[in-house]
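Shown next: query06.cif, containing mmCIF, C-alpha atoms.
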```
data_start
#
loop_
_atom_site.label_atom_id
_atom_site.label_comp_id
_atom_site.auth_asym_id
_atom_site.auth_seq_id
_atom_site.Cartn_x
_atom_site.Cartn_y
_atom_site.Cartn_z
CA MET A 205 -61.60 -8.08 24.59
CA ARG A 206 -61.82 -7.10 20.93
CA TYR A 207 -59.44 -4.25 21.64
CA ARG A 208 -56.89 -6.55 23.23
CA LEU A 209 -57.11 -9.12 20.40
CA SER A 210 -56.53 -6.45 17.77
CA ARG A 211 -53.56 -5.05 19.68
CA VAL A 212 -51.65 -8.32 20.20
CA PRO A 213 -50.53 -8.84 16.57
CA THR A 214 -49.42 -5.22 16.36
CA LEU A 215 -47.35 -5.50 19.51
CA LEU A 216 -45.80 -8.77 18.37
CA LEU A 217 -44.86 -7.26 15.00
CA ALA A 218 -43.31 -4.26 16.72
CA LEU A 219 -41.29 -6.45 19.06
CA CYS A 220 -40.12 -8.70 16.23
CA PHE A 221 -39.09 -5.69 14.11
CA SER A 222 -37.22 -4.25 17.08
CA CYS A 223 -35.32 -7.51 17.57
CA VAL A 224 -34.38 -7.68 13.88
CA VAL A 225 -33.09 -4.09 13.88
CA GLN A 226 -31.12 -4.68 17.07
CA ALA A 227 -29.59 -7.88 15.70
CA ALA A 228 -28.58 -6.13 12.48
CA GLY A 229 -27.05 -3.27 14.42
CA GLU A 230 -25.02 -5.61 16.58
CA GLN A 231 -23.72 -7.70 13.69
CA SER A 232 -19.94 -7.41 13.54
CA GLU A 233 -18.02 -6.61 10.36
CA VAL A 234 -16.37 -9.39 8.40
CA ASP A 235 -12.79 -9.99 9.52
CA ILE A 236 -11.22 -9.33 6.11
CA TRP A 237 -7.72 -10.14 7.30
CA GLY A 238 -8.49 -13.32 9.22
CA THR A 239 -11.04 -14.84 6.85
CA LEU A 240 -9.76 -13.70 3.45
CA LEU A 241 -6.31 -12.15 3.21
CA LYS A 242 -4.25 -14.26 5.61
CA PRO A 243 -5.52 -17.61 4.26
CA GLN A 244 -5.02 -16.45 0.67
CA TYR A 245 -1.45 -15.21 1.00
CA PHE A 246 -0.01 -17.09 3.99
CA GLN A 247 -2.26 -20.12 4.49
CA ASP A 248 -1.76 -21.49 8.02
CA ARG A 249 1.78 -20.13 8.54
CA PRO A 250 2.22 -18.52 11.98
CA ILE A 251 2.58 -14.73 12.03
CA THR A 252 4.03 -12.85 15.00
CA VAL A 253 2.06 -9.66 15.60
CA GLY A 254 3.87 -6.67 17.10
CA LYS A 255 6.75 -4.30 16.52
CA SER A 256 9.64 -6.63 17.27
CA LEU A 257 10.78 -6.84 13.62
CA VAL A 258 8.96 -4.06 11.74
CA GLU A 259 7.03 -0.98 12.81
CA LEU A 260 4.31 0.55 10.66
CA ARG A 261 3.68 4.29 10.77
CA ILE A 262 0.56 5.79 9.17
CA PRO A 263 -1.56 8.82 10.17
CA VAL A 264 -4.68 8.11 12.22
CA ARG A 265 -6.56 10.62 10.06
CA ALA A 266 -5.29 11.32 6.55
CA GLU A 267 -5.24 14.88 5.21
CA ASP A 268 -5.56 13.62 1.62
CA SER A 269 -6.92 10.11 1.04
CA GLY A 270 -5.18 9.95 -2.33
CA VAL A 271 -1.74 10.61 -0.86
CA VAL A 272 -1.48 8.88 2.52
CA PRO A 273 2.11 8.56 3.78
CA LEU A 274 3.22 5.17 5.08
CA SER A 275 6.63 4.31 6.48
CA ILE A 276 8.12 1.03 7.67
CA ASN A 277 10.90 0.90 10.21
CA ALA A 278 12.90 -2.34 10.31
CA LYS A 279 14.40 -3.44 13.64
CA ILE A 280 17.20 -5.61 12.24
CA PRO A 281 20.02 -4.80 9.77
CA GLN A 282 20.12 -6.39 6.33
CA THR A 283 22.98 -8.88 6.50
CA PRO A 284 23.65 -11.99 4.39
CA GLU A 285 23.14 -14.14 7.49
CA ARG A 286 19.61 -12.87 8.18
CA TYR A 287 17.57 -10.19 6.49
CA ILE A 288 14.04 -9.15 5.58
CA LYS A 289 13.51 -10.57 2.11
CA LYS A 290 9.86 -9.56 1.50
CA VAL A 291 7.50 -6.88 2.76
CA TYR A 292 3.77 -7.08 2.00
CA VAL A 293 1.58 -3.98 2.36
CA PHE A 294 -2.17 -4.63 2.80
CA ILE A 295 -5.07 -2.16 2.95
CA ASP A 296 -7.95 -4.30 4.21
CA LYS A 297 -10.90 -2.41 2.68
CA ASN A 298 -9.37 -1.18 -0.56
CA PRO A 299 -10.80 -2.68 -3.78
CA LYS A 300 -7.47 -4.49 -4.20
CA PRO A 301 -6.17 -4.95 -0.65
CA LEU A 302 -2.61 -5.97 -1.58
CA ALA A 303 -0.96 -2.63 -2.34
CA GLY A 304 2.46 -4.09 -3.02
CA VAL A 305 5.09 -6.75 -2.40
CA PHE A 306 8.64 -5.50 -1.93
CA HIS A 307 11.51 -7.90 -2.54
CA LEU A 308 14.52 -6.73 -0.54
CA THR A 309 18.20 -7.72 -0.42
CA PRO A 310 21.14 -7.48 2.01
CA ALA A 311 22.64 -4.86 -0.34
CA MET A 312 20.20 -2.31 1.16
CA GLY A 313 21.88 -2.36 4.56
CA ARG A 314 18.56 -1.44 6.18
CA ALA A 315 15.03 -2.53 5.19
CA ASP A 316 13.22 0.73 6.03
CA LEU A 317 10.72 1.79 3.36
CA ALA A 318 8.38 4.72 2.76
CA MET A 319 5.68 5.33 0.14
CA ARG A 320 2.35 7.08 -0.51
CA LEU A 321 -0.96 5.20 -0.68
CA ARG A 322 -4.54 5.63 -1.84
CA ILE A 323 -7.05 4.74 0.90
CA ASN A 324 -10.67 4.18 -0.12
CA GLU A 325 -12.38 4.03 3.31
CA PHE A 326 -11.70 3.77 7.04
CA THR A 327 -9.54 0.68 7.31
CA PHE A 328 -6.72 -1.27 8.89
CA VAL A 329 -3.39 -1.12 7.07
CA ARG A 330 -0.95 -3.98 7.65
CA VAL A 331 2.68 -4.70 6.95
CA VAL A 332 3.88 -8.31 6.88
CA ALA A 333 7.63 -8.90 6.76
CA GLU A 334 9.15 -12.24 5.81
CA THR A 335 12.74 -12.96 6.87
CA SER A 336 15.30 -14.98 4.96
CA ASP A 337 14.84 -17.83 7.43
CA GLY A 338 11.08 -17.96 6.85
CA GLU A 339 9.65 -16.08 9.84
CA LEU A 340 6.59 -13.84 9.36
CA HIS A 341 6.03 -10.69 11.43
CA MET A 342 3.15 -8.21 11.17
CA ASP A 343 2.41 -4.72 12.41
CA GLU A 344 -0.89 -2.92 11.80
CA GLY A 345 -2.54 0.47 12.15
CA PHE A 346 -5.96 2.02 11.58
CA THR A 347 -6.44 5.10 9.43
CA ARG A 348 -9.46 7.29 8.66
CA ALA A 349 -9.58 8.20 4.99
CA SER A 350 -12.12 7.76 2.19
CA GLY A 351 -12.42 8.10 -1.57
CA GLY A 352 -8.74 7.81 -2.42
CA CYS A 353 -9.22 5.17 -5.13
CA SER A 354 -12.19 6.82 -6.85
CA GLU A 355 -11.43 10.54 -6.78
CA PRO A 356 -11.31 11.64 -10.45
CA PRO A 357 -8.28 13.57 -11.70
CA PRO A 358 -8.98 16.84 -13.57
CA PHE A 359 -8.86 16.26 -17.34
CA LEU A 360 -6.02 18.70 -18.03
CA LYS A 361 -3.97 17.38 -15.14
CA LEU A 362 -4.43 13.81 -16.40
CA LYS A 363 -3.39 14.83 -19.90
CA GLU A 364 -0.21 16.42 -18.54
CA ALA A 365 0.49 13.39 -16.32
CA ARG A 366 0.23 11.00 -19.27
CA ALA A 367 2.69 13.13 -21.24
CA ARG A 368 5.26 12.71 -18.44
CA ILE A 369 4.93 8.94 -18.01
CA GLY A 370 8.34 7.37 -17.54
CA GLU A 371 10.15 10.44 -16.25
CA MET A 372 11.98 9.78 -12.96
CA LYS A 373 13.83 11.69 -10.29
CA PHE A 374 16.27 10.29 -7.76
CA ARG A 375 17.81 11.92 -4.71
CA ALA A 376 20.32 10.43 -2.30
CA ASP A 377 20.86 11.94 1.13
CA GLU A 378 24.22 11.82 2.82
CA ALA A 379 25.24 8.53 4.37
CA ALA A 380 24.10 7.86 7.91
CA ALA A 381 26.33 8.45 10.91
CA ASP A 382 27.80 4.97 10.63
CA GLY A 383 28.99 5.86 7.13
CA ASP A 384 27.54 2.68 5.67
CA VAL A 385 24.03 3.36 4.35
CA ALA A 386 22.36 6.28 2.60
CA LEU A 387 18.70 7.12 2.08
CA GLY A 388 17.49 7.27 -1.50
CA GLN A 389 14.19 8.51 -2.88
CA LEU A 390 12.86 7.56 -6.32
CA ILE A 391 9.88 9.44 -7.80
CA ILE A 392 8.24 8.11 -10.96
CA SER A 393 5.93 10.20 -13.15
CA HIS A 394 2.76 8.18 -13.72
CA PRO A 395 -0.96 8.96 -13.17
CA ASN A 396 -1.58 5.51 -11.65
CA ILE A 397 -5.22 5.38 -12.74
CA THR A 398 -7.17 2.88 -10.63
CA GLY A 399 -10.01 2.05 -13.04
CA LEU A 400 -12.50 3.33 -10.44
CA GLN A 401 -12.26 7.01 -11.35
CA LEU A 402 -14.91 8.72 -13.50
CA ASP A 403 -14.08 10.92 -16.47
CA GLN A 404 -15.70 14.22 -15.48
CA ARG A 405 -16.69 14.95 -19.07
CA THR A 406 -18.06 11.59 -20.26
CA ARG A 407 -19.05 10.17 -16.83
CA ALA A 408 -17.48 6.86 -17.89
CA PHE A 409 -14.80 5.06 -15.89
CA ILE A 410 -11.25 5.84 -16.96
CA PRO A 411 -9.45 2.59 -17.93
CA ALA A 412 -6.86 1.51 -15.38
CA GLU A 413 -3.18 2.14 -16.04
CA TYR A 414 -0.71 1.95 -13.19
CA VAL A 415 2.84 1.00 -12.27
CA THR A 416 3.18 -2.75 -11.74
CA LYS A 417 6.91 -3.19 -11.13
CA VAL A 418 9.93 -1.10 -10.14
CA GLU A 419 13.39 -2.69 -10.16
CA ILE A 420 16.31 -0.85 -8.56
CA SER A 421 20.00 -1.73 -8.70
CA PHE A 422 23.25 -0.05 -7.68
CA ASN A 423 26.36 -0.67 -9.75
CA GLY A 424 24.60 -3.65 -11.28
CA GLU A 425 23.73 -5.22 -7.91
CA HIS A 426 20.04 -5.77 -7.17
CA ILE A 427 18.77 -3.53 -4.35
CA MET A 428 15.02 -4.09 -4.36
CA THR A 429 12.01 -4.83 -6.55
CA ALA A 430 8.53 -3.44 -5.90
CA GLU A 431 5.49 -5.24 -7.35
CA THR A 432 2.65 -2.74 -6.99
CA ASP A 433 -1.05 -2.28 -7.73
CA ILE A 434 -3.69 0.48 -7.83
CA SER A 435 -3.33 1.45 -4.15
CA ILE A 436 -0.06 3.28 -4.79
CA SER A 437 -0.60 7.02 -5.28
CA GLU A 438 -0.13 9.03 -8.45
CA ASP A 439 3.54 9.68 -9.20
CA PRO A 440 4.79 6.77 -7.05
CA SER A 441 7.49 7.70 -4.56
CA PHE A 442 9.66 5.14 -2.78
CA ARG A 443 12.25 5.82 -0.11
CA PHE A 444 14.77 3.11 0.68
CA PHE A 445 18.29 2.60 1.96
CA PHE A 446 21.33 1.44 0.02
CA GLN A 447 25.08 1.31 0.57
CA PRO A 448 26.81 3.96 -1.60
CA LYS A 449 30.35 2.73 -0.80
CA ALA A 450 32.70 4.42 -3.30
CA GLY A 451 29.86 5.83 -5.39
CA GLY A 452 28.45 4.66 -8.69
CA THR A 453 25.14 4.48 -10.52
CA ILE A 454 21.57 3.81 -9.41
CA GLU A 455 19.47 2.25 -12.18
CA ALA A 456 15.67 2.15 -11.99
CA ARG A 457 13.40 0.26 -14.36
CA MET A 458 9.63 0.82 -14.32
CA THR A 459 6.95 -1.30 -15.99
CA ASP A 460 3.23 -0.46 -16.05
CA SER A 461 -0.05 -2.30 -16.71
CA LYS A 462 -0.04 -1.19 -20.36
CA GLY A 463 3.27 -2.92 -20.98
CA ARG A 464 5.31 0.28 -21.14
CA SER A 465 8.82 0.08 -19.72
CA PHE A 466 11.32 2.82 -18.94
CA THR A 467 14.83 2.71 -17.50
CA ARG A 468 16.70 5.64 -15.99
CA SER A 469 20.19 5.93 -14.47
CA PHE A 470 21.42 8.36 -11.81
CA PRO A 471 25.00 9.03 -10.64
CA VAL A 472 25.64 8.71 -6.88
CA ASP A 473 28.58 10.10 -4.94
CA GLY A 474 30.44 7.79 -2.57
CA ALA A 475 30.07 7.83 1.20
#
```

Would you mind writing the structure in this file as structure tokens?
Amino acid sequence: MRYRLSRVPTLLLALCFSCVVQAAGEQSEVDIWGTLLKPQYFQDRPITVGKSLVELRIPVRAEDSGVVPLSINAKIPQTPERYIKKVYVFIDKNPKPLAGVFHLTPAMGRADLAMRLRINEFTFVRVVAETSDGELHMDEGFTRASGGCSEPPPFLKLKEARARIGEMKFRADEAAADGDVALGQLIISHPNITGLQLDQRTRAFIPAEYVTKVEISFNGEHIMTAETDISISEDPSFRFFFQPKAGGTIEARMTDSKGRSFTRSFPVDGA
């Protein structure tokens, strides 16, 4: 009897501990999108999920978490009657989930976009497109990457990157088969420091400095504006469409978190 009495508390403790461990293991992750991001940015507005308006493309497993390619394919043309006026890019588990808001215009012709992101851990990436008549559409994808926001840049490379801040390159491909739109790519020299990266010499965090806004126009007409945060990769690169028509000048203006501003102009041949 004494043996049994001494064993009962032990067995009960073991069973209780087992139940606690099992419950903890079965606990689901917080729905970051549903409980935090959607209410914050879109309140109770309905969002259509699927690829009917925009399609997100991102690798399932990233080769480099600091430079993860993302592209957005729009399913409607940009016309004055109806167009995609905003595109939001979210990375659920990044320290700052909203990577950027892109303000688009009918002058683009097409609302396709491409860029490079920093991904900090395995996460869903989402694109929400808002049309000129107020509809919201979302596409999403899961990617496996980690450490993209905290990987420290080598000291010498960072020093060189800071010396090039504000330099830009622009390339325009030939107009598409319909002769109306052309694909442009703008690359901006900037280290885009996240504030989460350690200085390898001092072991202190490097203060954040990153591109916050990019404004692009063609012949004085607004094409698009990108409002960005720390999730955009070093040397931000944006691909977008515009209508070259008879040719002219692309003008790009960049502003960063330190208040620096640079403007560059690039000649473009006509279609």

If you count only C-alpha atoms, which residues fall within 12 Å of Trp237 in chain A, apart from same-chain ones fewer than 3 positions away, as an MDAnalysis selection string? chainID A and resid 233:234 240:247 294:297 301:302 327:332 342 344

Could you write those residues out with C-alpha atoms, as a PDB file, keeping the file's coordinate frame?
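Wrote selection_10.pdb, looks like this:
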```pdb
ATOM      1  CA  GLU A 233     -18.020  -6.610  10.360  1.00  0.00           C
ATOM      2  CA  VAL A 234     -16.370  -9.390   8.400  1.00  0.00           C
ATOM      3  CA  LEU A 240      -9.760 -13.700   3.450  1.00  0.00           C
ATOM      4  CA  LEU A 241      -6.310 -12.150   3.210  1.00  0.00           C
ATOM      5  CA  LYS A 242      -4.250 -14.260   5.610  1.00  0.00           C
ATOM      6  CA  PRO A 243      -5.520 -17.610   4.260  1.00  0.00           C
ATOM      7  CA  GLN A 244      -5.020 -16.450   0.670  1.00  0.00           C
ATOM      8  CA  TYR A 245      -1.450 -15.210   1.000  1.00  0.00           C
ATOM      9  CA  PHE A 246      -0.010 -17.090   3.990  1.00  0.00           C
ATOM     10  CA  GLN A 247      -2.260 -20.120   4.490  1.00  0.00           C
ATOM     11  CA  PHE A 294      -2.170  -4.630   2.800  1.00  0.00           C
ATOM     12  CA  ILE A 295      -5.070  -2.160   2.950  1.00  0.00           C
ATOM     13  CA  ASP A 296      -7.950  -4.300   4.210  1.00  0.00           C
ATOM     14  CA  LYS A 297     -10.900  -2.410   2.680  1.00  0.00           C
ATOM     15  CA  PRO A 301      -6.170  -4.950  -0.650  1.00  0.00           C
ATOM     16  CA  LEU A 302      -2.610  -5.970  -1.580  1.00  0.00           C
ATOM     17  CA  THR A 327      -9.540   0.680   7.310  1.00  0.00           C
ATOM     18  CA  PHE A 328      -6.720  -1.270   8.890  1.00  0.00           C
ATOM     19  CA  VAL A 329      -3.390  -1.120   7.070  1.00  0.00           C
ATOM     20  CA  ARG A 330      -0.950  -3.980   7.650  1.00  0.00           C
ATOM     21  CA  VAL A 331       2.680  -4.700   6.950  1.00  0.00           C
ATOM     22  CA  VAL A 332       3.880  -8.310   6.880  1.00  0.00           C
ATOM     23  CA  MET A 342       3.150  -8.210  11.170  1.00  0.00           C
ATOM     24  CA  GLU A 344      -0.890  -2.920  11.800  1.00  0.00           C
TER      25      GLU A 344
END
```

Quick one: distance from CA of Asn324 in chain A to CA of Cys353 in chain A in Å, one decimal? 5.3 Å

The distance between CA of Leu260 in chain A and CA of Phe422 in chain A is 26.4 Å

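Near range 433-437 of chain A, within 7 Å and counting all atoms listed in the file, sit Gly270, Val271, Ala303, Gly304, Arg320, Leu321, Arg322, Asn396, Thr398, Tyr414, Val415, Thr416, Asp439 and Pro440 of chain A; same-chain residues fewer than 2 positions away were not included.
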
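Counting all atoms listed in the file and comparing A:Glu339, A:Val418, A:Asp384, A:Thr239, the residue that lies closest to Lys449 in chain A is A:Asp384.
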
Decode the PyMOL selection byres ((chain A and resi 286) around 8) for the given file into explicit residues and return them as a PyMOL selection string. chain A and resi 282-285+287-288+335-337

Would you please work out which residue, of A:Ile420, A:Ile236, A:Val258, A:Ile391, is nearest to Leu317 in chain A when using all atoms listed in the file?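 Using all atoms listed in the file, Leu317 in chain A sits closest to A:Val258.
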
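In terms of minimum interatomic distance to Leu400 in chain A, A:Gly351 ranks closest within A:Val472, A:Gly351, A:Pro358, A:Arg265, counting only C-alpha atoms.
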
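The residue that comes closest to Gly399 in chain A, out of A:His426, A:Lys300, A:Arg443, A:Lys361 and on the basis of all atoms listed in the file, is A:Lys300.
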
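As for CA of Ala333 in chain A and CA of Arg348 in chain A, they are spaced 23.6 Å apart.
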
Reference answer for the PyMOL selection byres ((chain A and resi 349) around 6), as a PyMOL selection string: chain A and resi 266+269+323+325-326+348+350

Let me know the residues the PyMOL selection byres ((chain A and resi 261) around 7) catches in the file above, as a list of chain:residue names. A:Glu259, A:Leu260, A:Ile262, A:Pro263, A:Leu274, A:Ser275, A:Ile276
